[in-house]
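What's in work_22.cif: mmCIF, C-alpha atoms
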```
data_final
#
loop_
_atom_site.label_atom_id
_atom_site.label_comp_id
_atom_site.auth_asym_id
_atom_site.auth_seq_id
_atom_site.Cartn_x
_atom_site.Cartn_y
_atom_site.Cartn_z
CA MET Y 1 104.11 84.67 78.41
CA PHE Y 2 101.12 86.79 79.46
CA ASP Y 3 101.78 90.45 80.29
CA HIS Y 4 99.47 90.97 83.26
CA GLN Y 5 99.01 94.73 83.60
CA HIS Y 6 96.94 96.33 86.32
CA PRO Y 7 93.88 97.71 84.50
CA TYR Y 8 93.07 100.40 87.07
CA PRO Y 9 95.09 103.36 88.35
CA PRO Y 10 95.32 103.79 92.12
CA PHE Y 11 92.15 105.30 93.56
CA LEU Y 12 93.71 108.03 95.68
CA PHE Y 13 92.55 111.37 97.01
CA GLU Y 14 93.77 113.94 99.51
CA HIS Y 15 91.53 113.12 102.47
CA ALA Y 16 92.04 109.34 102.54
CA THR Y 17 93.39 108.07 105.88
CA ARG Y 18 93.78 104.40 104.94
CA TRP Y 19 94.50 102.47 101.78
CA ILE Y 20 93.51 98.99 100.66
CA VAL Y 21 96.61 97.31 99.19
CA GLY Y 22 96.51 94.12 97.12
CA THR Y 23 98.36 92.79 94.07
CA LEU Y 24 96.53 92.33 90.73
CA PRO Y 25 92.95 91.57 89.72
CA PRO Y 26 92.27 88.40 87.69
CA PRO Y 27 93.76 88.49 84.17
CA ARG Y 28 90.33 88.78 82.55
CA PHE Y 29 90.14 92.36 83.86
CA THR Y 30 93.35 93.18 81.99
CA GLN Y 31 91.96 91.46 78.90
CA GLY Y 32 88.64 93.30 79.18
CA ILE Y 33 86.71 90.03 79.26
CA LEU Y 34 84.41 90.55 82.22
CA ARG Y 35 81.83 88.00 83.34
CA PRO Y 36 78.25 88.65 84.39
CA GLY Y 37 78.37 89.90 87.99
CA ASP Y 38 81.86 91.40 87.67
CA VAL Y 39 82.21 95.11 88.48
CA ASP Y 40 84.66 97.05 86.29
CA PHE Y 41 86.64 98.42 89.22
CA CYS Y 42 89.20 97.39 91.82
CA TYR Y 43 88.30 94.10 93.55
CA GLY Y 44 85.33 93.80 91.22
CA SER Y 45 85.59 90.07 90.50
CA ARG Y 46 82.33 88.26 91.14
CA ASP Y 47 84.42 85.57 92.88
CA GLY Y 48 86.08 88.06 95.25
CA GLN Y 49 84.74 88.80 98.71
CA LEU Y 50 86.06 92.27 99.58
CA TRP Y 51 82.99 94.16 98.41
CA PRO Y 52 80.52 91.62 99.89
CA ILE Y 53 82.40 91.97 103.20
CA LEU Y 54 82.24 95.77 103.11
CA ASP Y 55 78.63 95.58 102.00
CA ARG Y 56 77.78 93.68 105.18
CA ILE Y 57 79.89 95.85 107.49
CA TYR Y 58 78.45 99.15 106.25
CA GLY Y 59 75.00 98.05 105.06
CA LEU Y 60 75.68 99.47 101.59
CA ASN Y 61 73.20 97.46 99.50
CA LEU Y 62 75.71 97.48 96.64
CA SER Y 63 74.92 96.40 93.10
CA PHE Y 64 76.97 93.48 91.81
CA GLU Y 65 76.76 94.01 88.06
CA THR Y 66 78.87 95.28 85.18
CA THR Y 67 77.46 98.81 85.08
CA PRO Y 68 78.83 102.34 85.59
CA ALA Y 69 76.36 102.75 88.46
CA ALA Y 70 77.96 99.85 90.37
CA VAL Y 71 81.38 101.48 89.96
CA GLU Y 72 80.09 104.85 91.18
CA GLU Y 73 78.52 103.22 94.27
CA ARG Y 74 81.93 101.94 95.29
CA LYS Y 75 83.76 105.18 94.58
CA ALA Y 76 81.20 107.19 96.57
CA PHE Y 77 81.58 104.82 99.52
CA LEU Y 78 85.37 105.06 99.44
CA ARG Y 79 85.32 108.84 99.35
CA LYS Y 80 82.81 109.03 102.19
CA GLU Y 81 84.83 106.68 104.41
CA LYS Y 82 88.19 108.20 103.38
CA ILE Y 83 89.53 104.92 102.00
CA GLY Y 84 91.87 104.76 99.01
CA ILE Y 85 93.04 101.79 96.94
CA CYS Y 86 96.64 101.38 95.83
CA ASP Y 87 97.62 97.86 94.81
CA MET Y 88 101.30 96.94 94.94
CA VAL Y 89 101.78 95.58 91.43
CA ALA Y 90 101.82 97.63 88.23
CA ARG Y 91 102.43 94.60 86.00
CA ALA Y 92 103.88 91.09 86.00
CA ASP Y 93 104.53 88.21 83.62
CA ARG Y 94 102.68 84.90 83.83
CA LYS Y 95 103.36 81.56 82.18
CA LYS Y 96 99.89 80.40 83.20
CA ILE Y 97 96.99 82.81 82.88
CA ASP Y 98 95.47 82.69 86.34
CA ALA Y 99 95.09 84.97 89.36
CA SER Y 100 97.58 83.35 91.73
CA ASP Y 101 100.10 85.64 93.40
CA GLN Y 102 102.77 82.94 93.32
CA GLY Y 103 102.48 82.67 89.54
CA MET Y 104 103.65 86.25 89.01
CA GLN Y 105 107.15 86.71 87.54
CA ASN Y 106 109.24 89.79 86.73
CA ILE Y 107 107.03 91.85 89.02
CA ARG Y 108 107.10 95.62 88.59
CA LEU Y 109 105.93 97.38 91.71
CA ARG Y 110 104.17 100.67 92.15
CA ASP Y 111 106.06 103.25 94.19
CA LEU Y 112 103.87 103.19 97.29
CA VAL Y 113 106.42 104.99 99.44
CA GLY Y 114 106.59 107.80 96.91
CA LEU Y 115 102.81 108.02 96.88
CA LEU Y 116 102.67 107.99 100.68
CA GLN Y 117 105.03 110.94 100.69
CA ARG Y 118 102.52 112.78 98.52
CA TYR Y 119 99.36 111.73 100.39
CA THR Y 120 100.21 112.80 103.91
CA ARG Y 121 97.00 111.85 105.73
CA VAL Y 122 97.35 108.09 105.25
CA GLN Y 123 97.81 106.34 108.60
CA ARG Y 124 96.99 102.71 107.81
CA LEU Y 125 97.61 100.23 104.99
CA LEU Y 126 95.15 97.34 104.77
CA PHE Y 127 96.83 94.43 102.98
CA THR Y 128 94.42 91.98 101.34
CA GLY Y 129 96.71 89.08 102.22
CA GLY Y 130 99.84 88.30 104.15
CA ASN Y 131 103.54 87.54 103.83
CA SER Y 132 103.33 84.46 101.63
CA LYS Y 133 105.37 84.70 98.43
CA ASN Y 134 104.20 87.62 96.27
CA GLY Y 135 101.45 88.53 98.71
CA PRO Y 136 100.87 92.23 99.50
CA GLU Y 137 102.87 92.25 102.75
CA TYR Y 138 105.69 90.27 101.13
CA LEU Y 139 105.96 92.70 98.21
CA PHE Y 140 105.66 95.75 100.43
CA ARG Y 141 108.58 94.53 102.55
CA ARG Y 142 110.61 94.20 99.36
CA HIS Y 143 109.59 97.69 98.31
CA LEU Y 144 110.56 99.19 101.66
CA ARG Y 145 114.09 97.78 101.39
CA ASP Y 146 114.66 100.08 98.40
CA TYR Y 147 114.13 102.98 100.80
CA GLY Y 148 116.07 101.49 103.71
CA ILE Y 149 112.87 101.10 105.76
CA ARG Y 150 111.91 98.07 107.85
CA LEU Y 151 108.57 96.95 109.23
CA GLU Y 152 108.40 96.79 113.02
CA ARG Y 153 106.19 94.03 114.39
CA VAL Y 154 103.28 95.14 116.57
CA SER Y 155 101.26 91.91 116.72
CA ASP Y 156 101.98 88.48 115.25
CA THR Y 157 98.48 87.10 115.76
CA ILE Y 158 96.08 87.02 112.82
CA PRO Y 159 95.75 89.60 111.35
CA ARG Y 160 99.44 90.51 111.61
CA ILE Y 161 100.08 94.17 112.43
CA HIS Y 162 103.28 96.11 111.74
CA ARG Y 163 104.33 99.74 111.57
CA PHE Y 164 107.02 101.87 109.98
CA ARG Y 165 108.08 105.49 109.80
CA MET Y 166 108.11 107.42 106.58
CA PRO Y 167 111.41 109.10 105.71
CA SER Y 168 111.44 112.77 106.64
CA ASP Y 169 113.92 115.63 106.38
CA THR Y 170 112.22 117.51 109.21
CA GLY Y 171 111.90 115.13 112.18
CA GLN Y 172 111.00 111.52 112.92
CA GLY Y 173 108.53 111.12 110.09
CA ARG Y 174 104.96 109.86 110.01
CA LEU Y 175 104.15 106.54 111.68
CA ILE Y 176 102.04 104.24 109.48
CA THR Y 177 100.44 100.96 110.58
CA THR Y 178 99.98 97.95 108.28
CA VAL Y 179 97.38 95.22 108.80
CA SER Y 180 97.66 91.92 106.91
CA LEU Y 181 94.01 90.86 106.63
CA THR Y 182 92.94 87.37 105.73
CA ALA Y 183 92.68 87.38 101.94
CA PRO Y 184 89.15 88.04 100.62
CA SER Y 185 89.35 85.09 98.22
CA GLY Y 186 88.02 81.58 98.13
CA SER Y 187 91.54 80.18 98.21
CA ALA Y 188 91.94 81.41 101.80
CA ASN Y 189 88.87 79.56 103.08
CA ARG Y 190 90.85 76.43 103.91
CA ALA Y 191 93.37 78.42 105.95
CA ILE Y 192 90.55 80.06 107.90
CA GLY Y 193 89.02 76.66 108.59
CA GLY Y 194 92.24 75.58 110.28
CA LEU Y 195 92.44 78.54 112.67
CA PRO Y 196 91.80 77.69 116.35
CA GLU Y 197 89.61 80.77 116.85
CA TYR Y 198 87.47 79.82 113.87
CA LYS Y 199 87.14 76.23 115.06
CA THR Y 200 86.06 77.44 118.51
CA ARG Y 201 83.37 79.72 117.07
CA LYS Y 202 82.20 77.02 114.67
CA ALA Y 203 81.89 74.50 117.51
CA LYS Y 204 79.67 76.93 119.43
CA ASP Y 205 77.63 77.94 116.38
CA PRO Y 206 77.42 75.46 113.48
CA ASN Y 207 76.00 78.26 111.29
CA TYR Y 208 79.16 80.35 111.69
CA THR Y 209 80.93 80.74 108.32
CA VAL Y 210 84.26 81.88 106.91
CA MET Y 211 82.45 84.98 105.65
CA ASP Y 212 81.32 85.73 109.23
CA PHE Y 213 84.95 85.37 110.34
CA ARG Y 214 86.17 87.81 107.69
CA VAL Y 215 83.44 90.36 108.42
CA GLU Y 216 84.37 90.37 112.12
CA GLN Y 217 88.08 90.72 111.35
CA TYR Y 218 87.67 93.44 108.70
CA ARG Y 219 85.20 95.45 110.80
CA SER Y 220 87.89 96.06 113.42
CA PHE Y 221 90.18 97.83 110.93
CA PHE Y 222 87.81 99.46 108.44
#
```

Could you take the file, read its structure, and then write that structure out as structure tokens?
Amino acid sequence: MFDHQHPYPPFLFEHATRWIVGTLPPPRFTQGILRPGDVDFCYGSRDGQLWPILDRIYGLNLSFETTPAAVEERKAFLRKEKIGICDMVARADRKKIDASDQGMQNIRLRDLVGLLQRYTRVQRLLFTGGNSKNGPEYLFRRHLRDYGIRLERVSDTIPRIHRFRMPSDTGQGRLITTVSLTAPSGSANRAIGGLPEYKTRKAKDPNYTVMDFRVEQYRSFF
């Protein structure tokens, strides 16, 4: 059994207004066996698409290499745009050493609600995936039950949008919105290809890609 521990602490700071929320990076990041093109930071896998998406949206001209400078580029961007990162999972067991969410067992979650109580400016959680088993939204729902909180549906179209109120001793509590973005991974490409809106765009423009689709979706919420 592989003990898959999250190799990075949450990247949180006082002025952040939205957090990116995922699960775990690929096991090689826990093992410290990075590949050429990996960045030693959250979502740094060379196979992942979050940073390429943000690179296009913001025109960042990021480096995609295993260097301290590449890490600092990403941290500087996050601070400037007031974006934190707080993945749901602290650690999990795996029978098979891969990056699938469904393969996680005995999942130990981070206390996101507790952290949200501390960081009071956060207004939006950006899930890098949906409500499929062990996805970020799925695990967050499970976490909220421990606090007696439920997600209220705002929109059921892709990306799904929900909201909830933080517990408060002095009033209604802060309203926070969650957005379940299409996962920035190659495994989600097939699902995107089956979406009616993607098919319509692709029919009009044969050069339209799943990356274009993600960039348009993410731009609306970042």

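Shortest separation to Y:Arg56 among Y:Met211, Y:Pro25, Y:Ser220, Y:Ile158 occurs at residue Y:Met211, atoms counted being all atoms listed in the file.
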
Inset, instruction - To one decimal in Å, tell me the separation between atom CA of Y:Ala16 and atom CA of Y:Tyr119. - result: 8.0 Å

Legend entry - Pick from Y:Phe77, Y:Phe222, Y:Tyr8, Y:Trp19, whichever lies nearest to Y:Asp40 using all atoms listed in the file: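 Between Y:Phe77, Y:Phe222, Y:Tyr8, Y:Trp19, the residue approaching Y:Asp40 most closely is Y:Tyr8.
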
Legend entry - Residues matched by the PyMOL selection byres ((chain Y and resi 37) around 7), written as a ChimeraX atom specification: /Y:35-36,38-39,46,64-66

Legend entry - Atomic separation - atom CA of Y:Gly22 relative to atom CA of Y:Gly135, Å: 7.6 Å
